[in-house]
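S.K.: The structure file run-v1.cif (mmCIF, C-alpha atoms (C1' of nucleotides)) is provided below.
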data_coords
#
loop_
_atom_site.label_atom_id
_atom_site.label_comp_id
_atom_site.auth_asym_id
_atom_site.auth_seq_id
_atom_site.Cartn_x
_atom_site.Cartn_y
_atom_site.Cartn_z
CA MET A 277 170.47 75.34 55.93
CA ASN A 278 166.73 74.78 55.73
CA LEU A 279 164.12 76.43 57.88
CA SER A 280 163.50 73.62 60.28
CA GLU A 281 167.20 73.08 60.97
CA ALA A 282 167.64 76.80 61.42
CA LYS A 283 164.71 76.97 63.84
CA GLN A 284 166.11 74.09 65.85
CA GLN A 285 169.48 75.77 66.03
CA PHE A 286 167.98 79.08 67.07
CA ILE A 287 165.81 77.55 69.78
CA SER A 288 168.58 75.44 71.16
CA THR A 289 171.11 78.29 71.25
CA TRP A 290 168.67 80.76 72.73
CA GLY A 291 167.93 78.15 75.38
CA ALA A 292 171.60 77.63 76.19
CA MET A 293 172.07 81.41 76.45
CA GLY A 294 169.13 81.60 78.83
CA THR A 295 171.08 79.66 81.42
CA HIS A 296 173.78 82.37 81.34
CA TRP A 297 171.12 84.96 81.86
CA GLY A 298 169.63 83.47 84.98
CA ILE A 299 166.55 81.94 83.39
CA ASN A 300 166.05 78.28 82.76
CA ARG A 301 166.71 76.60 79.47
CA THR A 302 163.11 75.65 78.76
CA MET A 303 161.72 79.07 79.44
CA ALA A 304 164.20 80.55 77.00
CA GLN A 305 163.33 77.89 74.43
CA VAL A 306 159.63 78.60 74.69
CA HIS A 307 160.43 82.26 74.27
CA ALA A 308 162.57 81.53 71.23
CA LEU A 309 159.87 79.40 69.65
CA LEU A 310 157.24 82.08 70.12
CA MET A 311 159.54 84.80 68.78
CA ILE A 312 160.00 83.03 65.47
CA SER A 313 156.40 81.86 65.08
CA PRO A 314 154.39 84.10 62.76
CA ASP A 315 151.11 83.16 64.44
CA PRO A 316 150.18 82.66 68.07
CA LEU A 317 150.57 79.11 69.38
CA THR A 318 148.61 77.02 71.85
CA GLN A 319 150.07 75.11 74.76
CA ASP A 320 149.69 71.96 72.70
CA ASP A 321 151.69 73.46 69.86
CA VAL A 322 154.52 74.29 72.23
CA MET A 323 154.36 70.83 73.82
CA ALA A 324 154.60 69.21 70.41
CA GLN A 325 157.35 71.41 69.02
CA LEU A 326 159.61 71.29 72.07
CA ASN A 327 158.69 67.83 73.29
CA ILE A 328 157.92 68.86 76.82
CA SER A 329 155.03 68.19 79.17
CA ARG A 330 151.90 70.23 79.57
CA GLY A 331 152.75 71.30 83.11
CA ASN A 332 156.14 72.47 82.05
CA VAL A 333 154.77 74.54 79.20
CA ASN A 334 152.13 76.02 81.41
CA MET A 335 154.55 77.11 84.13
CA ASN A 336 157.11 78.55 81.77
CA ILE A 337 154.53 80.48 79.78
CA ARG A 338 153.21 81.90 83.01
CA ASP A 339 156.71 83.07 83.91
CA LEU A 340 157.17 84.62 80.49
CA ILE A 341 153.90 86.47 80.93
CA ASP A 342 155.11 87.73 84.33
CA TRP A 343 158.25 88.99 82.63
CA GLY A 344 156.05 90.83 80.15
CA LEU A 345 157.57 88.95 77.23
CA VAL A 346 154.58 86.89 76.18
CA ASP A 347 150.89 87.71 75.82
CA ARG A 348 147.85 85.52 76.15
CA ILE A 349 145.57 85.89 73.15
CA ILE A 350 141.91 84.99 73.02
CA ILE A 351 140.59 84.21 69.57
CA SER A 352 136.83 84.58 69.53
CA GLY A 353 135.02 81.37 68.80
CA GLU A 354 138.06 79.37 69.92
CA ARG A 355 138.08 77.60 73.23
CA LYS A 356 141.86 77.34 73.50
CA GLU A 357 144.18 80.09 74.57
CA TYR A 358 146.89 81.28 72.23
CA PHE A 359 150.22 82.83 73.09
CA THR A 360 152.43 85.22 71.26
CA ALA A 361 155.77 86.86 72.02
CA GLU A 362 156.94 90.38 71.43
CA LYS A 363 159.11 90.20 68.31
CA ASP A 364 160.76 93.60 68.38
CA ILE A 365 164.08 92.87 70.04
CA TRP A 366 164.41 96.45 71.27
CA LYS A 367 161.16 96.08 73.17
CA VAL A 368 162.23 92.70 74.45
CA SER A 369 165.46 94.20 75.77
CA THR A 370 163.91 97.20 77.43
CA GLN A 371 161.32 94.98 79.02
CA ILE A 372 164.01 92.70 80.40
CA ILE A 373 166.03 95.66 81.64
CA LYS A 374 162.98 97.09 83.35
CA GLU A 375 162.18 93.83 85.11
CA ARG A 376 165.71 93.06 86.17
CA LYS A 377 166.14 96.55 87.51
CA ARG A 378 163.05 96.05 89.60
CA ARG A 379 163.87 92.54 90.70
CA GLU A 380 167.62 92.83 91.22
CA LEU A 381 169.08 96.31 91.16
CA ASP A 382 166.46 98.06 93.29
CA PRO A 383 166.63 95.59 96.20
CA MET A 384 170.41 95.50 95.99
CA MET A 385 170.57 99.28 96.28
CA LYS A 386 168.22 99.24 99.28
CA LEU A 387 170.53 96.79 100.98
CA MET A 388 173.68 98.81 100.22
CA GLU A 389 171.96 101.84 101.73
CA GLN A 390 171.49 99.94 104.99
CA LEU A 391 174.88 98.30 104.99
CA SER A 392 176.71 101.56 104.49
CA LYS A 393 175.48 102.58 107.92
CA VAL A 394 177.31 99.73 109.65
CA ASP A 395 178.47 100.44 113.21
CA GLY A 396 182.13 100.70 114.06
CA ASP A 397 185.19 102.84 113.83
CA LYS A 398 185.85 104.06 110.31
CA LYS A 399 189.55 104.07 111.16
CA ASP A 400 189.50 100.31 111.52
CA LYS A 401 190.69 98.87 108.25
CA GLU A 402 188.14 96.07 108.27
CA VAL A 403 185.33 98.57 108.65
CA LYS A 404 186.86 100.91 106.12
CA ALA A 405 187.26 98.25 103.44
CA PHE A 406 183.68 97.18 103.94
CA VAL A 407 182.23 100.67 103.85
CA ASP A 408 184.35 101.63 100.85
CA THR A 409 183.15 98.68 98.83
CA VAL A 410 179.52 99.15 99.80
CA THR A 411 179.65 102.87 99.13
CA GLY A 412 181.28 102.27 95.77
CA ILE A 413 178.52 99.87 94.78
CA LYS A 414 175.89 102.30 96.01
CA LYS A 415 177.22 105.15 93.90
CA PHE A 416 177.73 103.00 90.88
CA GLY A 417 174.25 101.55 91.23
CA ALA A 418 172.66 105.00 91.42
CA HIS A 419 174.32 105.97 88.14
CA ALA A 420 173.40 102.69 86.48
CA ASN A 421 169.85 103.13 87.68
CA ASN A 422 169.55 106.56 86.09
CA MET A 423 171.14 105.45 82.91
CA LEU A 424 168.91 102.42 82.54
CA ASP A 425 165.83 104.53 83.22
CA VAL A 426 166.78 106.88 80.43
CA LEU A 427 167.58 103.99 78.14
CA VAL A 428 164.28 102.26 78.79
CA LYS A 429 162.27 105.43 78.26
CA SER A 430 164.12 106.49 75.14
CA ASP A 431 162.90 105.71 71.67
CA GLU A 432 164.70 102.96 69.82
CA ASN A 433 165.64 104.93 66.73
CA TRP A 434 166.75 107.94 68.67
CA PHE A 435 168.83 105.69 70.80
CA LEU A 436 170.47 103.61 68.11
CA SER A 437 171.36 106.49 65.84
CA THR A 438 171.96 109.50 68.07
CA ALA A 439 173.29 108.01 71.25
CA LEU A 440 175.72 105.88 69.38
CA LYS A 441 177.25 108.90 67.66
CA LEU A 442 177.55 110.71 70.98
CA PHE A 443 179.57 107.87 72.30
CA LYS A 444 181.94 107.92 69.37
CA MET B 477 174.17 96.54 112.60
CA ASN B 478 177.67 95.43 113.46
CA LEU B 479 180.41 94.60 111.02
CA SER B 480 180.16 90.86 111.12
CA GLU B 481 176.39 90.87 110.62
CA ALA B 482 176.79 93.34 107.79
CA LYS B 483 179.47 91.22 106.14
CA GLN B 484 177.28 88.15 106.40
CA GLN B 485 174.41 90.00 104.85
CA PHE B 486 176.53 91.35 102.05
CA ILE B 487 178.05 87.98 101.22
CA SER B 488 174.77 86.18 101.30
CA THR B 489 172.97 88.73 99.14
CA TRP B 490 175.80 88.97 96.63
CA GLY B 491 175.69 85.19 96.43
CA ALA B 492 171.95 85.12 95.81
CA MET B 493 172.36 87.75 93.10
CA GLY B 494 175.06 85.66 91.49
CA THR B 495 172.50 83.00 90.65
CA HIS B 496 170.52 85.61 88.68
CA TRP B 497 173.68 86.51 86.84
CA GLY B 498 174.48 83.06 85.61
CA ILE B 499 177.25 82.30 88.10
CA ASN B 500 176.95 79.99 91.03
CA ARG B 501 176.19 81.10 94.52
CA THR B 502 179.52 80.09 96.01
CA MET B 503 181.61 81.78 93.37
CA ALA B 504 179.73 85.00 94.00
CA GLN B 505 180.17 84.60 97.75
CA VAL B 506 183.90 84.09 97.45
CA HIS B 507 184.03 87.18 95.27
CA ALA B 508 182.00 89.14 97.83
CA LEU B 509 184.26 88.05 100.67
CA LEU B 510 187.40 89.07 98.80
CA MET B 511 185.90 92.41 97.80
CA ILE B 512 185.32 93.43 101.40
CA SER B 513 188.56 92.06 102.79
CA PRO B 514 191.22 94.73 103.27
CA ASP B 515 194.03 92.21 102.94
CA PRO B 516 194.52 89.23 100.63
CA LEU B 517 193.19 85.93 101.95
CA THR B 518 194.41 82.36 101.70
CA GLN B 519 192.32 79.39 100.64
CA ASP B 520 192.08 78.42 104.28
CA ASP B 521 190.75 81.83 105.22
CA VAL B 522 188.01 81.49 102.62
CA MET B 523 187.23 77.94 103.74
CA ALA B 524 186.89 79.08 107.32
CA GLN B 525 184.87 82.20 106.65
CA LEU B 526 182.40 80.62 104.23
CA ASN B 527 182.37 77.12 105.68
CA ILE B 528 183.09 75.35 102.44
CA SER B 529 185.53 72.66 101.39
CA ARG B 530 189.01 73.15 100.07
CA GLY B 531 188.18 71.78 96.64
CA ASN B 532 185.25 74.09 96.32
CA VAL B 533 187.31 77.14 97.24
CA ASN B 534 190.03 76.15 94.86
CA MET B 535 187.73 75.68 91.88
CA ASN B 536 185.76 78.86 92.44
CA ILE B 537 188.87 80.95 92.90
CA ARG B 538 190.24 79.53 89.68
CA ASP B 539 187.04 80.55 87.90
CA LEU B 540 187.21 84.03 89.39
CA ILE B 541 190.77 84.33 88.15
CA ASP B 542 189.62 83.26 84.66
CA TRP B 543 187.00 85.99 84.80
CA GLY B 544 189.75 88.46 85.65
CA LEU B 545 188.08 89.38 88.94
CA VAL B 546 190.60 87.91 91.36
CA ASP B 547 194.39 87.89 91.45
CA ARG B 548 196.80 85.43 92.94
CA ILE B 549 199.33 87.14 95.17
CA ILE B 550 202.67 85.75 96.24
CA ILE B 551 204.05 87.17 99.45
CA SER B 552 207.78 86.58 99.64
CA GLY B 553 208.83 84.37 102.49
CA GLU B 554 205.32 82.93 102.71
CA ARG B 555 204.59 79.44 101.53
CA LYS B 556 200.88 79.96 101.00
CA GLU B 557 199.22 81.75 98.12
CA TYR B 558 197.05 84.74 98.77
CA PHE B 559 194.10 86.04 96.78
CA THR B 560 192.68 89.46 96.34
CA ALA B 561 189.77 90.89 94.38
CA GLU B 562 189.50 94.06 92.37
CA LYS B 563 187.62 96.47 94.63
CA ASP B 564 186.81 99.25 92.19
CA ILE B 565 183.28 98.38 91.11
CA TRP B 566 183.68 100.21 87.82
CA LYS B 567 186.59 97.97 86.93
CA VAL B 568 184.66 94.93 88.11
CA SER B 569 181.77 95.88 85.84
CA THR B 570 183.80 96.59 82.75
CA GLN B 571 185.68 93.37 83.25
CA ILE B 572 182.42 91.42 83.49
CA ILE B 573 181.03 93.19 80.42
CA LYS B 574 184.17 92.41 78.47
CA GLU B 575 184.06 88.74 79.37
CA ARG B 576 180.35 88.29 78.77
CA LYS B 577 180.59 90.01 75.45
CA ARG B 578 183.31 87.59 74.46
CA ARG B 579 181.63 84.50 75.86
CA GLU B 580 178.01 85.23 74.96
CA LEU B 581 177.37 88.10 72.59
CA ASP B 582 180.12 87.37 70.08
CA PRO B 583 179.14 83.72 69.49
CA MET B 584 175.46 84.65 69.39
CA MET B 585 176.13 87.20 66.66
CA LYS B 586 178.10 84.67 64.65
CA LEU B 587 175.16 82.32 64.80
CA MET B 588 172.63 84.98 63.77
CA GLU B 589 174.82 85.77 60.79
CA GLN B 590 174.55 82.17 59.63
CA LEU B 591 170.88 81.77 60.45
CA SER B 592 169.90 84.89 58.52
CA LYS B 593 171.00 83.07 55.36
CA VAL B 594 168.42 80.32 55.80
CA ASP B 595 167.11 78.76 52.56
CA GLY B 596 163.54 79.22 51.47
CA ASP B 597 161.07 81.61 49.98
CA LYS B 598 161.03 84.96 51.77
CA LYS B 599 157.37 85.26 50.84
CA ASP B 600 156.52 82.30 53.01
CA LYS B 601 155.37 83.69 56.32
CA GLU B 602 157.20 81.07 58.37
CA VAL B 603 160.45 81.96 56.66
CA LYS B 604 159.75 85.66 56.87
CA ALA B 605 159.00 85.60 60.60
CA PHE B 606 162.20 83.68 61.23
CA VAL B 607 164.39 85.90 59.11
CA ASP B 608 162.86 89.06 60.55
CA THR B 609 163.53 87.98 64.10
CA VAL B 610 167.07 86.85 63.37
CA THR B 611 167.87 89.99 61.39
CA GLY B 612 166.47 92.14 64.16
CA ILE B 613 168.68 90.43 66.72
CA LYS B 614 171.67 90.76 64.42
CA LYS B 615 171.24 94.51 64.00
CA PHE B 616 170.54 95.07 67.63
CA GLY B 617 173.55 92.99 68.62
CA ALA B 618 175.85 94.95 66.36
CA HIS B 619 174.79 98.19 68.03
CA ALA B 620 175.06 96.73 71.50
CA ASN B 621 178.49 95.43 70.64
CA ASN B 622 179.74 98.86 69.61
CA MET B 623 178.23 100.53 72.56
CA LEU B 624 179.72 98.09 75.03
CA ASP B 625 183.12 98.44 73.40
CA VAL B 626 182.99 102.18 73.86
CA LEU B 627 181.75 101.80 77.41
CA VAL B 628 184.51 99.38 78.34
CA LYS B 629 187.21 101.56 76.84
CA SER B 630 185.95 104.79 78.33
CA ASP B 631 187.25 106.21 81.56
CA GLU B 632 185.05 105.88 84.61
CA ASN B 633 184.85 109.54 85.49
CA TRP B 634 184.30 110.66 81.97
CA PHE B 635 181.59 108.13 81.66
CA LEU B 636 179.75 108.79 84.88
CA SER B 637 179.76 112.55 84.61
CA THR B 638 179.71 113.37 80.90
CA ALA B 639 177.82 110.50 79.36
CA LEU B 640 175.08 110.77 81.94
CA LYS B 641 174.44 114.40 81.08
CA LEU B 642 174.31 113.58 77.39
CA PHE B 643 171.56 111.12 78.06
CA LYS B 644 169.49 113.63 80.00
"C1'" DA C 1113 216.79 63.11 98.19
"C1'" DT C 1114 213.41 63.30 101.51
"C1'" DT C 1115 210.11 65.44 104.08
"C1'" DT C 1116 206.56 68.78 104.66
"C1'" DA C 1117 203.34 72.26 103.16
"C1'" DT C 1118 200.25 73.48 99.86
"C1'" DT C 1119 197.45 73.17 95.73
"C1'" DT C 1120 194.88 70.65 92.38
"C1'" DT C 1121 191.99 67.09 90.66
"C1'" DC C 1122 188.01 64.36 90.29
"C1'" DA C 1123 184.83 60.43 91.44
"C1'" DA C 1124 181.21 59.95 94.53
"C1'" DA C 1125 177.59 62.05 97.33
"C1'" DA C 1126 174.55 65.73 98.37
"C1'" DA C 1127 171.82 69.46 97.17
"C1'" DT C 1128 169.27 71.90 94.07
"C1'" DT C 1129 166.44 72.65 90.18
"C1'" DA C 1130 163.52 71.18 86.44
"C1'" DT C 1131 160.09 68.04 84.61
"C1'" DT C 1132 156.36 65.00 84.51
"C1'" DG C 1133 151.70 63.59 84.62
"C1'" DA C 1134 147.62 62.84 86.78
"C1'" DA C 1135 144.20 65.02 89.69
"C1'" DA C 1136 141.86 69.25 90.77
"C1'" DA C 1137 140.15 73.52 89.32
"C1'" DT C 1138 138.31 76.46 86.00
"C1'" DT C 1139 135.94 78.02 81.98
"C1'" DC C 1140 132.48 77.99 78.73
"C1'" DG C 1141 128.82 76.14 75.78
"C1'" DA C 1142 124.60 73.72 75.60
"C1'" DT D 642 123.16 73.05 85.98
"C1'" DC D 643 125.78 69.72 83.72
"C1'" DG D 644 129.47 68.03 80.98
"C1'" DA D 645 133.30 68.58 77.99
"C1'" DA D 646 137.39 71.12 77.02
"C1'" DT D 647 141.08 73.32 78.79
"C1'" DT D 648 144.21 75.14 82.24
"C1'" DT D 649 146.52 74.91 86.59
"C1'" DT D 650 148.63 72.79 90.47
"C1'" DC D 651 151.88 70.07 92.85
"C1'" DA D 652 153.85 65.74 94.83
"C1'" DA D 653 156.86 62.53 93.00
"C1'" DT D 654 160.66 61.69 90.00
"C1'" DA D 655 164.40 62.78 87.03
"C1'" DA D 656 168.16 65.53 85.61
"C1'" DT D 657 171.56 68.69 86.57
"C1'" DT D 658 174.68 71.17 89.26
"C1'" DT D 659 177.39 71.78 93.24
"C1'" DT D 660 180.11 70.17 96.97
"C1'" DT D 661 183.01 67.19 99.38
"C1'" DG D 662 187.18 65.02 100.75
"C1'" DA D 663 190.79 62.16 100.06
"C1'" DA D 664 194.42 61.04 96.83
"C1'" DA D 665 197.66 62.78 93.49
"C1'" DA D 666 200.50 66.37 92.04
"C1'" DT D 667 203.37 70.18 92.84
"C1'" DA D 668 206.50 73.26 95.16
"C1'" DA D 669 209.59 74.54 98.74
"C1'" DA D 670 212.59 73.74 102.65
"C1'" DT D 671 216.06 70.95 104.96
#
Written as structure tokens, that's how I'd like the structure from this file.

M.R.:
Amino acid sequence: MNLSEAKQQFISTWGAMGTHWGINRTMAQVHALLMISPDPLTQDDVMAQLNISRGNVNMNIRDLIDWGLVDRIIISGERKEYFTAEKDIWKVSTQIIKERKRRELDPMMKLMEQLSKVDGDKKDKEVKAFVDTVTGIKKFGAHANNMLDVLVKSDENWFLSTALKLFK
Amino acid sequence: MNLSEAKQQFISTWGAMGTHWGINRTMAQVHALLMISPDPLTQDDVMAQLNISRGNVNMNIRDLIDWGLVDRIIISGERKEYFTAEKDIWKVSTQIIKERKRRELDPMMKLMEQLSKVDGDKKDKEVKAFVDTVTGIKKFGAHANNMLDVLVKSDENWFLSTALKLFK
DNA sequence: ATTTATTTTCAAAAATTATTGAAAATTCGA
DNA sequence: TCGAATTTTCAATAATTTTTGAAAATAAAT
């Protein structure tokens, strides 16, 4: 398989995966393209390579920047902005974990905290089932939270070599 | 907050989260409803409680069964089918991990394996950037794969108490 | 074998989400 | 300050996904 076929394949698969991960296809494709590009690209480059409109590129790059996965680069003497993606997949993962924790897990845990204080007789099986489920999620979430914090703060090599052995 | 408000809140939030997790809102809501219901429910119960059509309930329950998150229950003497969800959140999580690994990670790794064999001169920076990214993902994926396997096979209590300390 | 209850399917409609492209805003050099 | 290059916004449109509901299929009772 030649490079341009391989690139196409990579971009298209990464895009399809994106939809399973709660981000839209195009955003994941832009990310994929930037990850495999040795040099920073302009909006026009992305438009041309992915065949999408300027507005679309602009919005998706902005989102990727919000996620901390893409950086805006200013090249002195150049008028245009360039964009580049983090290429170290460990950093990409920890960044995604960090963001999703903040955007999803943290608010969910806040809600469970409130919901576990629901009024009503704990002897009532409806109340009990509800409280049990909510409490279970709360406890599980607290553990997951800790674990993800440690994971995100740990060093890649330490993690991949040492932690893996501990598990075995 | 009373029980029915709390239930509403839980179902609606779990549904919203579902969309971030790559499953549709309704499927997540049905799952939420079944998780907090002390007894198995029929399709009609779900229709009534979530205000959705029969076809919709039927399809989403089928998907939840495919995911291994919901079971069909036959009560002898009863004509209708009942449905119940796994309530232990640890089991829910490991089940989801198992399925996503199979549906997403495994195929992705197969693809990276192929793409890392792309033709072309490794000195060329376009080729190099591509191969580096793909190889990085491949290695990372292999580690993640192992780790998730261990996680899924491990016992909840062992995991929550022991593994957490190891990380600290 | 027929009727009745229940589940499943799926084409059409509705709702949601993503994309476009042109206008407005911004940035920067002259 | 002006004008050209570039980026950003957003209403309109397109594409996709979800939902409905009625018909077909299935299963159980009589």

S.K.: Got a sec to resolve the PyMOL selection byres ((chain D) within 9 of (chain A)) on this structure and send the residues as a PyMOL selection string?

M.R.: chain D and resi 646-650

S.K.: Can you give me chain B superposed onto chain A, least-squares on all Cα in order, written as a compact mmCIF listing (two decimals) with C-alpha atoms, in the frame of the given file?

M.R.:
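To be explicit, this is the file written out as out.txt:
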# COMPACT_ATOMS: atom_id res chain seq x y z
CA MET B 477 170.53 75.28 56.04
CA ASN B 478 166.81 74.72 55.82
CA LEU B 479 164.18 76.37 57.95
CA SER B 480 163.55 73.57 60.36
CA GLU B 481 167.25 73.04 61.06
CA ALA B 482 167.69 76.76 61.51
CA LYS B 483 164.75 76.95 63.90
CA GLN B 484 166.14 74.08 65.92
CA GLN B 485 169.49 75.76 66.11
CA PHE B 486 167.99 79.06 67.13
CA ILE B 487 165.82 77.55 69.84
CA SER B 488 168.57 75.45 71.25
CA THR B 489 171.10 78.28 71.34
CA TRP B 490 168.64 80.76 72.81
CA GLY B 491 167.89 78.16 75.46
CA ALA B 492 171.55 77.66 76.30
CA MET B 493 172.01 81.42 76.55
CA GLY B 494 169.05 81.61 78.89
CA THR B 495 171.00 79.67 81.50
CA HIS B 496 173.69 82.38 81.42
CA TRP B 497 171.00 84.97 81.93
CA GLY B 498 169.54 83.49 85.05
CA ILE B 499 166.46 81.95 83.45
CA ASN B 500 165.96 78.29 82.81
CA ARG B 501 166.64 76.61 79.54
CA THR B 502 163.04 75.68 78.80
CA MET B 503 161.64 79.11 79.47
CA ALA B 504 164.15 80.56 77.04
CA GLN B 505 163.30 77.91 74.47
CA VAL B 506 159.59 78.60 74.70
CA HIS B 507 160.37 82.28 74.28
CA ALA B 508 162.56 81.53 71.26
CA LEU B 509 159.87 79.40 69.66
CA LEU B 510 157.23 82.08 70.10
CA MET B 511 159.54 84.79 68.78
CA ILE B 512 160.01 83.01 65.47
CA SER B 513 156.43 81.86 65.05
CA PRO B 514 154.43 84.07 62.70
CA ASP B 515 151.16 83.14 64.36
CA PRO B 516 150.20 82.64 68.01
CA LEU B 517 150.61 79.10 69.31
CA THR B 518 148.63 76.99 71.75
CA GLN B 519 150.06 75.08 74.68
CA ASP B 520 149.75 71.93 72.62
CA ASP B 521 151.74 73.45 69.79
CA VAL B 522 154.55 74.28 72.20
CA MET B 523 154.38 70.82 73.77
CA ALA B 524 154.66 69.20 70.37
CA GLN B 525 157.39 71.41 68.99
CA LEU B 526 159.64 71.30 72.06
CA ASN B 527 158.73 67.84 73.29
CA ILE B 528 157.91 68.87 76.81
CA SER B 529 155.02 68.20 79.15
CA ARG B 530 151.88 70.23 79.51
CA GLY B 531 152.68 71.32 83.05
CA ASN B 532 156.08 72.50 82.02
CA VAL B 533 154.70 74.56 79.14
CA ASN B 534 152.05 76.04 81.33
CA MET B 535 154.44 77.14 84.07
CA ASN B 536 157.03 78.59 81.73
CA ILE B 537 154.46 80.50 79.73
CA ARG B 538 153.09 81.93 82.95
CA ASP B 539 156.59 83.09 83.89
CA LEU B 540 157.09 84.64 80.47
CA ILE B 541 153.82 86.49 80.88
CA ASP B 542 155.00 87.76 84.30
CA TRP B 543 158.16 89.02 82.62
CA GLY B 544 155.99 90.86 80.12
CA LEU B 545 157.52 88.96 77.20
CA VAL B 546 154.53 86.90 76.14
CA ASP B 547 150.84 87.70 75.76
CA ARG B 548 147.80 85.52 76.05
CA ILE B 549 145.55 85.85 73.04
CA ILE B 550 141.90 84.93 72.86
CA ILE B 551 140.60 84.15 69.41
CA SER B 552 136.83 84.46 69.33
CA GLY B 553 135.05 81.24 68.57
CA GLU B 554 138.10 79.26 69.66
CA ARG B 555 138.11 77.37 72.91
CA LYS B 556 141.87 77.23 73.28
CA GLU B 557 144.15 80.03 74.40
CA TYR B 558 146.88 81.24 72.13
CA PHE B 559 150.22 82.80 73.02
CA THR B 560 152.42 85.21 71.22
CA ALA B 561 155.75 86.85 72.00
CA GLU B 562 156.92 90.38 71.43
CA LYS B 563 159.09 90.18 68.32
CA ASP B 564 160.74 93.59 68.38
CA ILE B 565 164.05 92.86 70.07
CA TRP B 566 164.38 96.43 71.28
CA LYS B 567 161.13 96.09 73.17
CA VAL B 568 162.19 92.69 74.46
CA SER B 569 165.41 94.20 75.78
CA THR B 570 163.89 97.21 77.44
CA GLN B 571 161.28 95.01 79.03
CA ILE B 572 163.96 92.71 80.42
CA ILE B 573 165.99 95.68 81.67
CA LYS B 574 162.95 97.13 83.36
CA GLU B 575 162.13 93.88 85.12
CA ARG B 576 165.67 93.10 86.19
CA LYS B 577 166.13 96.58 87.52
CA ARG B 578 163.03 96.12 89.61
CA ARG B 579 163.82 92.60 90.75
CA GLU B 580 167.58 92.88 91.26
CA LEU B 581 169.07 96.35 91.19
CA ASP B 582 166.46 98.12 93.31
CA PRO B 583 166.62 95.67 96.24
CA MET B 584 170.41 95.55 96.03
CA MET B 585 170.59 99.33 96.32
CA LYS B 586 168.28 99.30 99.32
CA LEU B 587 170.58 96.84 101.02
CA MET B 588 173.73 98.83 100.25
CA GLU B 589 172.06 101.87 101.76
CA GLN B 590 171.60 100.00 105.03
CA LEU B 591 174.99 98.32 105.00
CA SER B 592 176.83 101.60 104.47
CA LYS B 593 175.63 102.63 107.93
CA VAL B 594 177.45 99.78 109.65
CA ASP B 595 178.65 100.50 113.21
CA GLY B 596 182.31 100.72 114.03
CA ASP B 597 185.39 102.84 113.79
CA LYS B 598 186.04 104.05 110.24
CA LYS B 599 189.74 104.03 111.06
CA ASP B 600 189.69 100.29 111.47
CA LYS B 601 190.83 98.83 108.18
CA GLU B 602 188.27 96.03 108.22
CA VAL B 603 185.48 98.55 108.62
CA LYS B 604 186.99 100.89 106.09
CA ALA B 605 187.37 98.22 103.41
CA PHE B 606 183.77 97.17 103.92
CA VAL B 607 182.35 100.66 103.85
CA ASP B 608 184.43 101.62 100.82
CA THR B 609 183.21 98.66 98.83
CA VAL B 610 179.59 99.15 99.81
CA THR B 611 179.71 102.89 99.14
CA GLY B 612 181.32 102.28 95.78
CA ILE B 613 178.55 99.88 94.80
CA LYS B 614 175.94 102.32 96.04
CA LYS B 615 177.26 105.18 93.92
CA PHE B 616 177.74 103.03 90.90
CA GLY B 617 174.25 101.58 91.27
CA ALA B 618 172.68 105.01 91.46
CA HIS B 619 174.30 105.98 88.17
CA ALA B 620 173.39 102.71 86.52
CA ASN B 621 169.85 103.14 87.72
CA ASN B 622 169.52 106.56 86.11
CA MET B 623 171.10 105.46 82.94
CA LEU B 624 168.88 102.43 82.58
CA ASP B 625 165.81 104.54 83.27
CA VAL B 626 166.75 106.89 80.47
CA LEU B 627 167.55 103.99 78.18
CA VAL B 628 164.24 102.28 78.83
CA LYS B 629 162.26 105.45 78.28
CA SER B 630 164.09 106.49 75.15
CA ASP B 631 162.87 105.68 71.69
CA GLU B 632 164.65 102.92 69.82
CA ASN B 633 165.61 104.92 66.77
CA TRP B 634 166.71 107.91 68.70
CA PHE B 635 168.78 105.68 70.84
CA LEU B 636 170.43 103.60 68.16
CA SER B 637 171.31 106.47 65.89
CA THR B 638 171.88 109.50 68.12
CA ALA B 639 173.19 108.02 71.33
CA LEU B 640 175.68 105.88 69.46
CA LYS B 641 177.21 108.90 67.77
CA LEU B 642 177.48 110.71 71.08
CA PHE B 643 179.51 107.87 72.44
CA LYS B 644 181.92 107.91 69.52

S.K.: Residues of chain B within 8 Å of chain A, counting only C-alpha atoms, what are they? List them as a ChimeraX atom specification.

M.R.: /B:477-479,482-483,486,489,493,495-499,511-514,563-566,580,584,591,593-596,601-603,605-606,609,612-613,616,619,623,626,636,639-640,642-644

S.K.: Using all atoms listed in the file and a cut-off of 10 Å, which residues of chain C sit close to chain B? Please list them as a PyMOL selection string.

M.R.: chain C and resi 1117-1122

S.K.: Write out as a list of chain:residue names each polymer residue whose atoms come within 12 Å of DG1141 in chain C, counting all atoms listed in the file; drop sequence neighbours fewer than 6 positions from it.

M.R.: A:Gly353, A:Glu354, A:Arg355, D:DC643, D:DG644, D:DA645, D:DA646

S.K.: Can you tell me how far CA of Asp347 in chain A sits from CA of Thr360 in chain A, in Å to one decimal?

M.R.: 5.4 Å
